[in-house]
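Asks: Sending over a structure as structure tokens; questions will come in a sec.
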Number of protein chains: 2
Amino acid sequence: MNLIIVGTIGLDNIETPFGKVEKALGGSGTYAATAASYFTSPGLVSIIGEDFPKEHQKFLQDRKIDLVGVEKRGKTFAWSGFYEFDMSEAKTLKTELNSLLDFNPSLPEEYKEAPFLFLGNFDPSLQLQVLEQVKKKPFVIMDTMNYWISSKKSELLEVIKKVNLVVLNEGEARQLFDEPNLIKAGKRLLELGPEYAIIKKGEHGALLFSANGFFSAPGYPLEELRDPTGCGDSFAGALSGYLSKSGDISEQNIRKAVIYGSAVASCCAEAFSTNYAKSISYEDIEERYKMFEEIRKF
Amino acid sequence: MNLIIVGTIGLDNIETPFGKVEKALGGSGTYAATAASYFTSPGLVSIIGEDFPKEHQKFLQDRKIDLVGVEKRGKTFAWSGFYEFDMSEAKTLKTELNSLLDFNPSLPEEYKEAPFLFLGNFDPSLQLQVLEQVKKKPFVIMDTMNYWISSKKSELLEVIKKVNLVVLNEGEARQLFDEPNLIKAGKRLLELGPEYAIIKKGEHGALLFSANGFFSAPGYPLEELRDPTGCGDSFAGALSGYLSKSGDISEQNIRKAVIYGSAVASCCAEAFSTNYAKSISYEDIEERYKMFEEIRKF
């Protein structure tokens with residue numbers, strides 16, 4: 001097993017100007033593992049309820065995602081939200097944590113020596129708990145969200161200090177340091193310890209910071225944005241999947257990983273839930289990667 | 001004369017979190033011509049008042065900007081504004097149009113056959129008036145602002161239909177078509193007639209649309225943003241200057257022009273008014289151009 005992903009699995013009710021879905025497959029772990037599955041067979045550590053639909057379980061298995069680390073107890077975590085006309089922000093209607101309240105992530109023995117670990121967006125206290133379980137020192141990638149910056153900032157900073165690559169979106173990066181300038185915020189992330197920091201900017205692409213250089217990735221020219229849910233998780237999942245497949249953590253290769261992350265995230269945005277993975281092949285991802293080369297030549 | 005620039009010259013009172021200036025050199029024509037002067041000696045068509053400070057006039061002359069087309073009458077147009085902490089938006093305190101109320105742009109005879117014409121941000125009715133004066137069909141670049149989209153939309157659309165390259169910022173592009181998706185907005189600009197459309201996104205770079213392709217330019221990683229006033233005008237001015245110097249209006253060369261525009265605009269943002277031009281050399285601009293190549297590679 002090259003890559004372990006720890007994150008949530010949930011059931012989403014989502015409404016956007018382009019439609020709606022109910023009890024759709026969602027959660028940070030789901031999106032990340034689905035995206036990573038284009039490059040490797042990741043192991044997913046998470047929790048679901050007894051009510052978790054069989055077709056969702058089948059979808060994850062068909063993607064060759066290892067589910068040995070997924071516990072089953074109580075009722076599945078559920079989220080309801082919607083997006084308005086410009087789709088810039090998810091508005092939450094209801095969050096039911098359910099079995100997530102009992103989530104106490106425990107890595108199966110065979111996962112503890114995996115060389116790559118992605119900590120998806122969940123409670124930073126639990127992210128720390130996962131880090132204590134690994135045996136060999138893996139390359140650790142992490143994500144978070146505004147909620148944890150507000151409610152558990154000191155724990156979150158502890159996690160950031162211990163990882164190799166931190167991924168935030170632009171609002172989170174600004175919020176974390178109360179710093180409007182993203183270049184300064186990126187440099188402050190590096191000062192905390194990670195070798196690499198990525199700031200995701202949605203349609204505007206992503207910025208990669210490291211001691212060796214600065215990289216600005218373009219956004220994919222997306223016209224058919226249907227559902228932005230999980231795009232950030234998909235970005236980080238595809239990036240982690242590509243890195244674990246190549247085993248190369250040089251700055252140059254992380255630039256490529258950012259483009260693969262952007263390519264998969266752009267596919268995710270074109271369909272509800274993780275449905276893109278039902279029609280998008282690995283060759284489609286490679287085609288988007290080439291498109292990224294074209295749109296930045298000068 | 002390769003390039004004619006028509007736009008305003010004004011006296012600006014500007015306050016940002018990093019300082020303030022009074023009666024500083026400003027206006028769309030000033031910023032554009034100063035930026036263009038890195039590449040060519042543009043002719044500027046504008047109006048100033050009898051009170052226009054001698055040192056400002058000397059600055060423009062030292063930049064080898066031809067001022068034959070600048071009328072002098074009454075009092076100089078003046079603008080007062082400020083920026084808050086995040087500097088995302090100029091807040092206007094006072095606008096005194098003064099002699100701008102009499103602005104009736106008239107191209108000197110020797111300007112009428114110039115191969116490149118930049119219509120800076122001013123009244124679209126007057127932009128149309130300028131277009132009626134040209135003799136040979138020049139390559140026309142235009143800019144505008146939200147005010148004209150609200151107040152003179154039909155005249156503005158007439159101008160857009162007649163130009164070769166339209167430059168808007170992202171807010172203006174969205175406003176013009178009531179379309180949140182910038183890719184769709186860019187395509188709609190092309191449908192109006194221009195061969196090229198550019199959407200400026202400030203720190204996030206710029207998008208170039210044409211029948212032959214799509215280009216996404218990165219933003220310059222700017223840490224020392226002191227005064228954003230005139231950056232958009234400087235972008236378009238440098239782009240026009242570079243195009244007129246090279247004489248090449250291929251899509252490939254316009255991509256390069258976008259990068260030169262971004263390079264000069266990033267310098268403009270680092271100092272108040274047009275002061276950057278007092279210390280930044282052409283070699284500095286070339287160095288930034290190379291930096292843009294570096295931050296793009298993957």
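FYI, nothing fancy with the structure tokens labels: chains A, B, ... in order, residues from 1 per chain, ligands from 1 as they appear.
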Using only C-alpha atoms, select each residue of chain A with any atom at most 8 Å away from an atom of chain B, and give the selection as a PyMOL selection string.

Replies: chain A and resi 85-86+180-181+183-184+204+213-219+221-223+252-253+255-256+294-298

Asks: Which residues are close to Leu67 of chain B, i.e. within 9 Å by only C-alpha atoms, leaving aside same-chain residues fewer than 4 positions away? Reply as a PyMOL selection string.

Replies: chain B and resi 42-46+57+60-61+71

Asks: Save out the residues we just selected, C-alpha atoms, as a PDB file, in the first residue's frame.

Replies:
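To be explicit, this is the file written out as result_39.pdb:
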```
ATOM      1  CA  PRO B  42       3.901  56.940 -27.491  1.00  0.00           C
ATOM      2  CA  GLY B  43       1.871  59.987 -28.399  1.00  0.00           C
ATOM      3  CA  LEU B  44      -0.577  60.929 -25.646  1.00  0.00           C
ATOM      4  CA  VAL B  45      -3.923  62.607 -26.362  1.00  0.00           C
ATOM      5  CA  SER B  46      -5.458  64.163 -23.272  1.00  0.00           C
ATOM      6  CA  GLN B  57       5.055  67.631 -17.256  1.00  0.00           C
ATOM      7  CA  LEU B  60       6.204  62.705 -18.934  1.00  0.00           C
ATOM      8  CA  GLN B  61       8.652  64.427 -21.292  1.00  0.00           C
ATOM      9  CA  GLU B  71      -4.581  70.342 -24.540  1.00  0.00           C
TER      10      GLU B  71
END
```

Asks: May I have the residues within 10 Å of Lys20 of chain B as a PDB file with N, CA and C atoms, in the first residue's frame, using only C-alpha atoms and disregarding those fewer than 5 positions away in the same chain?

Replies:
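Everything below was put into result_25.pdb:
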```pdb
ATOM      1  N   ASN B  13      -5.107  62.317  -5.082  1.00  0.00           N
ATOM      2  CA  ASN B  13      -4.808  62.204  -3.648  1.00  0.00           C
ATOM      3  C   ASN B  13      -5.138  60.770  -3.255  1.00  0.00           C
ATOM      4  N   ILE B  14      -4.122  60.013  -2.849  1.00  0.00           N
ATOM      5  CA  ILE B  14      -4.322  58.579  -2.585  1.00  0.00           C
ATOM      6  C   ILE B  14      -3.818  58.238  -1.193  1.00  0.00           C
ATOM      7  N   GLU B  15      -4.619  57.468  -0.455  1.00  0.00           N
ATOM      8  CA  GLU B  15      -4.155  56.960   0.831  1.00  0.00           C
ATOM      9  C   GLU B  15      -4.327  55.447   0.849  1.00  0.00           C
ATOM     10  N   PHE B  82      -9.092  56.166  -1.388  1.00  0.00           N
ATOM     11  CA  PHE B  82      -8.269  55.419  -0.424  1.00  0.00           C
ATOM     12  C   PHE B  82      -8.524  53.931  -0.565  1.00  0.00           C
ATOM     13  N   ARG B 226       1.909  48.460  -2.557  1.00  0.00           N
ATOM     14  CA  ARG B 226       1.757  49.732  -1.832  1.00  0.00           C
ATOM     15  C   ARG B 226       0.596  50.572  -2.328  1.00  0.00           C
ATOM     16  N   ASP B 227       0.351  50.535  -3.651  1.00  0.00           N
ATOM     17  CA  ASP B 227      -0.714  51.370  -4.215  1.00  0.00           C
ATOM     18  C   ASP B 227      -1.183  50.756  -5.531  1.00  0.00           C
ATOM     19  N   PHE B 272       3.764  54.389  -5.119  1.00  0.00           N
ATOM     20  CA  PHE B 272       2.637  55.288  -5.326  1.00  0.00           C
ATOM     21  C   PHE B 272       2.734  55.936  -6.704  1.00  0.00           C
ATOM     22  N   SER B 273       1.561  56.298  -7.235  1.00  0.00           N
ATOM     23  CA  SER B 273       1.479  57.028  -8.501  1.00  0.00           C
ATOM     24  C   SER B 273       2.318  56.310  -9.574  1.00  0.00           C
TER      25      SER B 273
END
```

Asks: May I have all residues of segment 66-235 of chain A that DSSP, computed from the backbone, assigns to strand (DSSP E), given as a ChimeraX atom specification?

Replies: /A:70-72,78-83,90-96,116-119,139-143,165-169,196-200,206-210,213-217

Asks: So which residues touch segment 144-158 of chain A within 7 Å, counting only C-alpha atoms, skipping near sequence neighbours fewer than 5 positions away, as a PyMOL selection string?

Replies: chain A and resi 120-125+168+172+176

Asks: So that I have them on file, write out the residues from the current selection with C-alpha atoms, as a tab-separated table (two decimals), in the first residue's frame.

Replies:
```
chain	number	residue	atom	x	y	z
A	120	GLY	CA	-8.00	14.95	4.86
A	121	ASN	CA	-10.12	17.62	6.44
A	122	PHE	CA	-11.21	16.49	9.92
A	123	ASP	CA	-10.56	17.34	13.59
A	124	PRO	CA	-6.86	18.31	14.04
A	125	SER	CA	-6.74	16.49	17.39
A	168	LEU	CA	-5.11	25.28	2.25
A	172	GLU	CA	-8.10	29.65	4.98
A	176	LEU	CA	-4.84	31.51	9.58
```

Asks: Tell me, as a JSON list (two decimals) with N, CA and C atoms, in the first residue's frame, which residues lie within 10 Å of Gly7 of chain B, counting only C-alpha atoms; anything in the same chain fewer than 2 positions away does not count.

Replies:
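Heads up, here's the output in out.json:
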```
[["chain", "number", "residue", "atom", "x", "y", "z"],
["B", 4, "ILE", "N", -0.50, 55.51, -30.36],
["B", 4, "ILE", "CA", -1.21, 56.65, -29.80],
["B", 4, "ILE", "C", -2.04, 56.17, -28.62],
["B", 5, "ILE", "N", -1.95, 56.91, -27.53],
["B", 5, "ILE", "CA", -2.72, 56.57, -26.33],
["B", 5, "ILE", "C", -3.67, 57.73, -26.04],
["B", 9, "ILE", "N", -5.44, 62.58, -17.87],
["B", 9, "ILE", "CA", -4.31, 62.95, -17.01],
["B", 9, "ILE", "C", -4.95, 63.64, -15.80],
["B", 10, "GLY", "N", -4.55, 63.26, -14.62],
["B", 10, "GLY", "CA", -5.18, 63.84, -13.44],
["B", 10, "GLY", "C", -4.21, 64.03, -12.29],
["B", 27, "GLY", "N", -4.32, 59.30, -13.63],
["B", 27, "GLY", "CA", -5.13, 59.28, -14.85],
["B", 27, "GLY", "C", -4.79, 58.09, -15.75],
["B", 28, "SER", "N", -5.80, 57.61, -16.47],
["B", 28, "SER", "CA", -5.61, 56.40, -17.29],
["B", 28, "SER", "C", -4.57, 56.60, -18.38],
["B", 29, "GLY", "N", -4.55, 57.79, -18.98],
["B", 29, "GLY", "CA", -3.59, 58.06, -20.05],
["B", 29, "GLY", "C", -2.16, 58.14, -19.52],
["B", 30, "THR", "N", -2.01, 58.77, -18.35],
["B", 30, "THR", "CA", -0.69, 58.88, -17.72],
["B", 30, "THR", "C", -0.10, 57.52, -17.43],
["B", 31, "TYR", "N", -0.88, 56.68, -16.73],
["B", 31, "TYR", "CA", -0.38, 55.34, -16.36],
["B", 31, "TYR", "C", -0.06, 54.52, -17.60],
["B", 32, "ALA", "N", -0.95, 54.57, -18.60],
["B", 32, "ALA", "CA", -0.74, 53.76, -19.81],
["B", 32, "ALA", "C", 0.49, 54.24, -20.58],
["B", 33, "ALA", "N", 0.64, 55.55, -20.72],
["B", 33, "ALA", "CA", 1.76, 56.08, -21.51],
["B", 33, "ALA", "C", 3.08, 55.83, -20.79],
["B", 44, "LEU", "N", 0.53, 60.93, -26.61],
["B", 44, "LEU", "CA", -0.58, 60.93, -25.65],
["B", 44, "LEU", "C", -1.59, 62.02, -26.01],
["B", 45, "VAL", "N", -2.86, 61.64, -26.09],
["B", 45, "VAL", "CA", -3.92, 62.61, -26.36],
["B", 45, "VAL", "C", -4.76, 62.75, -25.10],
["B", 46, "SER", "N", -4.78, 63.97, -24.54],
["B", 46, "SER", "CA", -5.46, 64.16, -23.27],
["B", 46, "SER", "C", -5.70, 65.65, -23.04],
["B", 47, "ILE", "N", -6.14, 65.98, -21.82],
["B", 47, "ILE", "CA", -6.33, 67.38, -21.45],
["B", 47, "ILE", "C", -5.84, 67.60, -20.02],
["B", 103, "PHE", "N", -13.21, 67.80, -22.44],
["B", 103, "PHE", "CA", -12.35, 66.91, -23.23],
["B", 103, "PHE", "C", -13.09, 66.47, -24.48],
["B", 105, "PRO", "N", -11.53, 64.77, -27.52],
["B", 105, "PRO", "CA", -10.23, 64.34, -28.04],
["B", 105, "PRO", "C", -10.10, 64.53, -29.55],
["B", 118, "PHE", "N", -4.35, 52.92, -28.48],
["B", 118, "PHE", "CA", -4.93, 52.44, -27.22],
["B", 118, "PHE", "C", -5.93, 53.46, -26.69],
["B", 119, "LEU", "N", -7.17, 53.03, -26.56],
["B", 119, "LEU", "CA", -8.21, 53.86, -25.96],
["B", 119, "LEU", "C", -8.30, 53.52, -24.47],
["B", 120, "GLY", "N", -7.73, 54.38, -23.64],
["B", 120, "GLY", "CA", -7.77, 54.15, -22.20],
["B", 120, "GLY", "C", -9.18, 54.31, -21.67],
["B", 121, "ASN", "N", -9.30, 54.24, -20.37],
["B", 121, "ASN", "CA", -10.60, 54.33, -19.73],
["B", 121, "ASN", "C", -11.10, 55.77, -19.72],
["B", 122, "PHE", "N", -12.08, 56.07, -20.58],
["B", 122, "PHE", "CA", -12.82, 57.34, -20.53],
["B", 122, "PHE", "C", -14.14, 57.14, -21.24],
["B", 123, "ASP", "N", -14.93, 58.17, -21.31],
["B", 123, "ASP", "CA", -16.29, 58.11, -21.84],
["B", 123, "ASP", "C", -16.34, 57.39, -23.20],
["B", 127, "GLN", "N", -14.61, 57.75, -26.94],
["B", 127, "GLN", "CA", -13.80, 56.70, -27.57],
["B", 127, "GLN", "C", -14.25, 56.50, -29.01],
["B", 143, "ASP", "N", -9.81, 49.85, -23.11],
["B", 143, "ASP", "CA", -10.07, 49.56, -21.70],
["B", 143, "ASP", "C", -11.31, 50.35, -21.31],
["B", 233, "ASP", "N", -4.35, 50.22, -15.97],
["B", 233, "ASP", "CA", -3.93, 51.09, -17.08],
["B", 233, "ASP", "C", -2.49, 50.77, -17.48]]
```
